[in-house]
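Source file: query-v4.pdb (PDB, C-alpha atoms)
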```pdb
ATOM      1  CA  MET M   1     -18.463  22.841  -7.316
ATOM      2  CA  ALA M   2     -21.370  20.907  -5.769
ATOM      3  CA  GLY M   3     -22.745  22.504  -2.630
ATOM      4  CA  GLY M   4     -20.894  25.749  -3.305
ATOM      5  CA  GLY M   5     -17.235  26.208  -2.720
ATOM      6  CA  SER M   6     -14.090  28.064  -3.530
ATOM      7  CA  ALA M   7     -10.675  27.123  -4.843
ATOM      8  CA  TYR M   8      -7.530  28.877  -3.646
ATOM      9  CA  SER M   9      -3.923  28.562  -4.732
ATOM     10  CA  TYR M  10      -0.949  29.465  -2.555
ATOM     11  CA  ARG M  11       1.997  30.713  -4.552
ATOM     12  CA  VAL M  12       5.627  31.180  -3.649
ATOM     13  CA  GLY M  13       7.307  33.080  -6.445
ATOM     14  CA  ARG M  14       6.169  31.427  -9.663
ATOM     15  CA  THR M  15       5.434  28.071  -8.062
ATOM     16  CA  THR M  16       1.958  27.026  -6.960
ATOM     17  CA  MET M  17       2.461  25.495  -3.539
ATOM     18  CA  ALA M  18      -1.016  24.170  -2.833
ATOM     19  CA  THR M  19      -4.548  24.195  -4.048
ATOM     20  CA  THR M  20      -7.329  24.361  -1.521
ATOM     21  CA  ASN M  21     -10.863  23.355  -2.349
ATOM     22  CA  ILE M  22     -13.282  24.386   0.343
ATOM     23  CA  ALA M  23     -16.769  22.971   0.003
ATOM     24  CA  ALA M  24     -19.313  23.159   2.782
ATOM     25  CA  THR M  25     -23.045  23.184   3.158
ATOM     26  CA  ALA M  26     -25.233  22.865   6.205
ATOM     27  CA  ALA M  27     -25.380  19.093   5.662
ATOM     28  CA  ASP M  28     -21.791  18.557   4.535
ATOM     29  CA  ARG M  29     -19.095  19.996   6.786
ATOM     30  CA  THR M  30     -16.138  18.498   4.951
ATOM     31  CA  TYR M  31     -13.197  20.557   3.740
ATOM     32  CA  ARG M  32     -10.308  19.393   1.545
ATOM     33  CA  PHE M  33      -6.783  20.651   0.999
ATOM     34  CA  THR M  34      -4.372  19.073  -1.487
ATOM     35  CA  ALA M  35      -0.746  20.065  -1.896
ATOM     36  CA  PRO M  36       2.414  18.725  -3.476
ATOM     37  CA  SER M  37       4.696  17.037  -0.977
ATOM     38  CA  LEU M  38       7.102  19.914  -0.305
ATOM     39  CA  ALA M  39       8.933  21.171   2.773
ATOM     40  CA  ASP M  40       6.455  24.070   3.118
ATOM     41  CA  THR M  41       3.341  21.854   2.987
ATOM     42  CA  PRO M  42       3.103  21.222   6.775
ATOM     43  CA  ARG M  43       2.976  24.973   7.420
ATOM     44  CA  LEU M  44       0.352  25.526   4.734
ATOM     45  CA  ALA M  45      -1.768  22.641   6.034
ATOM     46  CA  ARG M  46      -1.687  23.732   9.685
ATOM     47  CA  GLU M  47      -2.608  27.321   8.774
ATOM     48  CA  TRP M  48      -5.457  26.058   6.594
ATOM     49  CA  VAL M  49      -6.792  23.882   9.433
ATOM     50  CA  ALA M  50      -6.575  26.833  11.852
ATOM     51  CA  LEU M  51      -8.460  29.056   9.400
ATOM     52  CA  ILE M  52     -11.308  26.544   9.036
ATOM     53  CA  LEU M  53     -11.598  25.959  12.788
ATOM     54  CA  ARG M  54     -11.671  29.674  13.612
ATOM     55  CA  ALA M  55     -14.311  30.269  10.940
ATOM     56  CA  ALA M  56     -16.376  27.403  12.391
ATOM     57  CA  GLY M  57     -16.227  28.882  15.908
ATOM     58  CA  LEU M  58     -13.883  26.183  17.213
ATOM     59  CA  ALA M  59     -10.934  28.411  18.131
ATOM     60  CA  HIS M  60     -10.416  26.400  21.340
ATOM     61  CA  LEU M  61      -9.246  23.462  19.191
ATOM     62  CA  VAL M  62      -6.820  25.436  17.015
ATOM     63  CA  ASP M  63      -3.587  24.906  18.971
ATOM     64  CA  ARG M  64      -3.982  21.136  19.270
ATOM     65  CA  ALA M  65      -5.173  20.823  15.668
ATOM     66  CA  ARG M  66      -2.214  22.834  14.348
ATOM     67  CA  LEU M  67       0.260  20.680  16.274
ATOM     68  CA  CYS M  68      -1.277  17.363  15.216
ATOM     69  CA  THR M  69      -1.699  18.468  11.596
ATOM     70  CA  SER M  70       1.891  19.638  11.417
ATOM     71  CA  GLU M  71       3.227  16.362  12.815
ATOM     72  CA  VAL M  72       1.168  14.091  10.553
ATOM     73  CA  VAL M  73       1.748  16.117   7.364
ATOM     74  CA  THR M  74       5.470  16.312   8.154
ATOM     75  CA  ASN M  75       5.551  12.513   8.492
ATOM     76  CA  ALA M  76       3.842  12.081   5.123
ATOM     77  CA  HIS M  77       6.348  14.452   3.511
ATOM     78  CA  ARG M  78       9.494  13.084   5.169
ATOM     79  CA  HIS M  79       8.802   9.352   5.275
ATOM     80  CA  THR M  80       7.072   8.629   1.962
ATOM     81  CA  ASP M  81       7.784   9.398  -1.667
ATOM     82  CA  THR M  82       4.206  10.544  -2.279
ATOM     83  CA  PRO M  83       3.853  13.307  -4.872
ATOM     84  CA  GLU M  84       0.941  14.911  -3.017
ATOM     85  CA  ILE M  85      -0.570  15.113   0.433
ATOM     86  CA  ALA M  86      -4.299  15.523   0.998
ATOM     87  CA  VAL M  87      -5.858  16.871   4.176
ATOM     88  CA  GLU M  88      -9.553  16.393   4.828
ATOM     89  CA  LEU M  89     -11.200  18.118   7.771
ATOM     90  CA  VAL M  90     -14.629  16.932   8.932
ATOM     91  CA  LEU M  91     -16.670  18.956  11.426
ATOM     92  CA  LEU M  92     -19.448  17.124  13.223
ATOM     93  CA  GLY M  93     -21.185  18.229  16.406
ATOM     94  CA  GLY M  94     -18.349  20.333  17.807
ATOM     95  CA  ARG M  95     -15.773  17.651  16.995
ATOM     96  CA  VAL M  96     -13.188  17.761  14.264
ATOM     97  CA  THR M  97     -11.579  14.815  12.526
ATOM     98  CA  VAL M  98      -8.564  15.475  10.320
ATOM     99  CA  TYR M  99      -7.426  12.886   7.778
ATOM    100  CA  VAL M 100      -3.968  13.230   6.214
ATOM    101  CA  SER M 101      -3.527  10.911   3.267
ATOM    102  CA  ASP M 102      -0.701  10.090   0.903
ATOM    103  CA  CYS M 103      -0.117   7.818  -2.071
ATOM    104  CA  ALA M 104       2.132   5.425  -0.131
ATOM    105  CA  PRO M 105      -0.187   2.776   1.335
ATOM    106  CA  GLY M 106       2.724   0.409   1.953
ATOM    107  CA  ARG M 107       4.545   2.834   4.285
ATOM    108  CA  TRP M 108       2.783   2.611   7.662
ATOM    109  CA  PRO M 109       3.803   4.922  10.479
ATOM    110  CA  THR M 110       5.305   3.507  13.639
ATOM    111  CA  SER M 111       4.343   4.804  17.047
ATOM    112  CA  GLY M 112       7.918   5.058  18.286
ATOM    113  CA  GLY M 113       7.561   2.210  20.784
ATOM    114  CA  GLY M 114      10.069  -0.508  21.532
ATOM    115  CA  ASP M 115      13.676  -0.005  20.487
ATOM    116  CA  SER M 116      12.822   2.762  18.026
ATOM    117  CA  ARG M 117      12.245   5.411  20.715
ATOM    118  CA  PRO M 118      14.205   8.605  20.159
ATOM    119  CA  GLY M 119      17.039   9.468  22.509
ATOM    120  CA  ARG M 120      16.786  12.456  24.849
ATOM    121  CA  LEU M 121      18.726  14.685  22.476
ATOM    122  CA  ASP M 122      17.214  13.459  19.204
ATOM    123  CA  THR M 123      15.329  16.140  17.284
ATOM    124  CA  HIS M 124      12.946  13.744  15.546
ATOM    125  CA  GLY M 125      10.875  10.656  16.241
ATOM    126  CA  ARG M 126       8.217  12.099  18.558
ATOM    127  CA  GLY M 127       5.497  13.102  16.073
ATOM    128  CA  LEU M 128       2.982  10.324  16.639
ATOM    129  CA  ALA M 129       3.626  10.359  20.386
ATOM    130  CA  LEU M 130       2.607  14.034  20.336
ATOM    131  CA  VAL M 131      -0.484  13.214  18.283
ATOM    132  CA  ALA M 132      -1.405  10.470  20.757
ATOM    133  CA  ALA M 133      -0.933  12.886  23.667
ATOM    134  CA  TYR M 134      -2.919  15.807  22.212
ATOM    135  CA  ALA M 135      -5.643  14.132  20.131
ATOM    136  CA  ASP M 136      -8.676  12.486  21.680
ATOM    137  CA  ASP M 137      -8.252   9.594  19.260
ATOM    138  CA  TRP M 138      -6.080   8.696  16.247
ATOM    139  CA  ASP M 139      -5.401   5.787  13.939
ATOM    140  CA  VAL M 140      -4.311   4.756  10.450
ATOM    141  CA  SER M 141      -6.537   3.449   7.665
ATOM    142  CA  ALA M 142      -5.674   2.341   4.151
ATOM    143  CA  ARG M 143      -7.127   1.663   0.741
ATOM    144  CA  PRO M 144      -5.198  -0.051  -2.040
ATOM    145  CA  ASP M 145      -3.958   3.285  -3.429
ATOM    146  CA  ARG M 146      -3.774   5.551  -0.344
ATOM    147  CA  LYS M 147      -3.106   5.580   3.378
ATOM    148  CA  ALA M 148      -4.595   8.051   5.861
ATOM    149  CA  VAL M 149      -3.489   8.947   9.356
ATOM    150  CA  TRP M 150      -6.379  10.578  11.157
ATOM    151  CA  PHE M 151      -6.944  12.265  14.501
ATOM    152  CA  ARG M 152     -10.011  13.544  16.308
ATOM    153  CA  LEU M 153     -10.404  16.498  18.651
ATOM    154  CA  ALA M 154     -13.406  17.534  20.724
TER     155      ALA M 154
END
```

Target encoding structure tokens, full file:
Amino acid sequence: MAGGGSAYSYRVGRTTMATTNIAATAADRTYRFTAPSLADTPRLAREWVALILRAAGLAHLVDRARLCTSEVVTNAHRHTDTPEIAVELVLLGGRVTVYVSDCAPGRWPTSGGGDSRPGRLDTHGRGLALVAAYADDWDVSARPDRKAVWFRLA
């Protein structure tokens, strides 16, 4: 792998749940995690993000990053038919930007505004509101074949 790196597989029983490719050099502080879109993927992604942030000396960002990662990866899993979810974490000057992408560029997330707001007792529908509350910035970007929801923490 260019720049040095390691590949890890998470297994549950006989099934490979996710493959993590970690590549980092002094000049390139980008890490990538790719997993099939399964119910366990949000947990794997948030633990992976926490591991990278702790190793980078950014433990003060772990709680917010875990929450935002979990919400965005859960949305990709629940609201698209994408076969895989990719998480890219970029460290730059004490800031972290996390990109969560899927293969469903036509399915854009909604912020929960207007008439689509969840009721007081609803157990879903607050994910992006939480991301907006806890991240310093967030948005959605798309290419013809993929869509990414990203958030930034400092």

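Computed from the coordinates, the atom CA of M:Thr80 to atom CA of M:Cys103 distance equals 8.3 Å.
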
Selection in question (the file shown): the PyMOL selection byres ((chain M and resi 48-60) around 9). Which residues does it include, as an mmCIF file with C-alpha atoms, keeping the file's coordinate frame?
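To be explicit, this is the file written out as out-v4.cif:
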```cif
data_model
loop_
_atom_site.group_PDB
_atom_site.id
_atom_site.type_symbol
_atom_site.label_atom_id
_atom_site.label_comp_id
_atom_site.auth_asym_id
_atom_site.auth_seq_id
_atom_site.Cartn_x
_atom_site.Cartn_y
_atom_site.Cartn_z
ATOM 1 C CA THR M 20 -7.329 24.361 -1.521
ATOM 2 C CA TYR M 31 -13.197 20.557 3.740
ATOM 3 C CA PHE M 33 -6.783 20.651 0.999
ATOM 4 C CA ARG M 43 2.976 24.973 7.420
ATOM 5 C CA LEU M 44 0.352 25.526 4.734
ATOM 6 C CA ALA M 45 -1.768 22.641 6.034
ATOM 7 C CA ARG M 46 -1.687 23.732 9.685
ATOM 8 C CA GLU M 47 -2.608 27.321 8.774
ATOM 9 C CA LEU M 61 -9.246 23.462 19.191
ATOM 10 C CA VAL M 62 -6.820 25.436 17.015
ATOM 11 C CA ASP M 63 -3.587 24.906 18.971
ATOM 12 C CA ARG M 64 -3.982 21.136 19.270
ATOM 13 C CA ALA M 65 -5.173 20.823 15.668
ATOM 14 C CA ARG M 66 -2.214 22.834 14.348
ATOM 15 C CA THR M 69 -1.699 18.468 11.596
ATOM 16 C CA VAL M 87 -5.858 16.871 4.176
ATOM 17 C CA LEU M 89 -11.200 18.118 7.771
ATOM 18 C CA LEU M 91 -16.670 18.956 11.426
ATOM 19 C CA GLY M 94 -18.349 20.333 17.807
ATOM 20 C CA ARG M 95 -15.773 17.651 16.995
ATOM 21 C CA VAL M 96 -13.188 17.761 14.264
ATOM 22 C CA VAL M 98 -8.564 15.475 10.320
#
```

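When all atoms listed in the file are used to compute distances to M:Asn75, the closest of the residues M:Arg29, M:Ala154, M:Ser101, M:Ala132 turns out to be M:Ser101.
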
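The closest residue to M:Ala76, picked from M:Ala135, M:Ala35, M:Val100, M:Leu92 and counting all atoms listed in the file, is M:Val100.
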
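The space between atom CA of M:Cys68 and atom CA of M:Val131 spans 5.2 Å.
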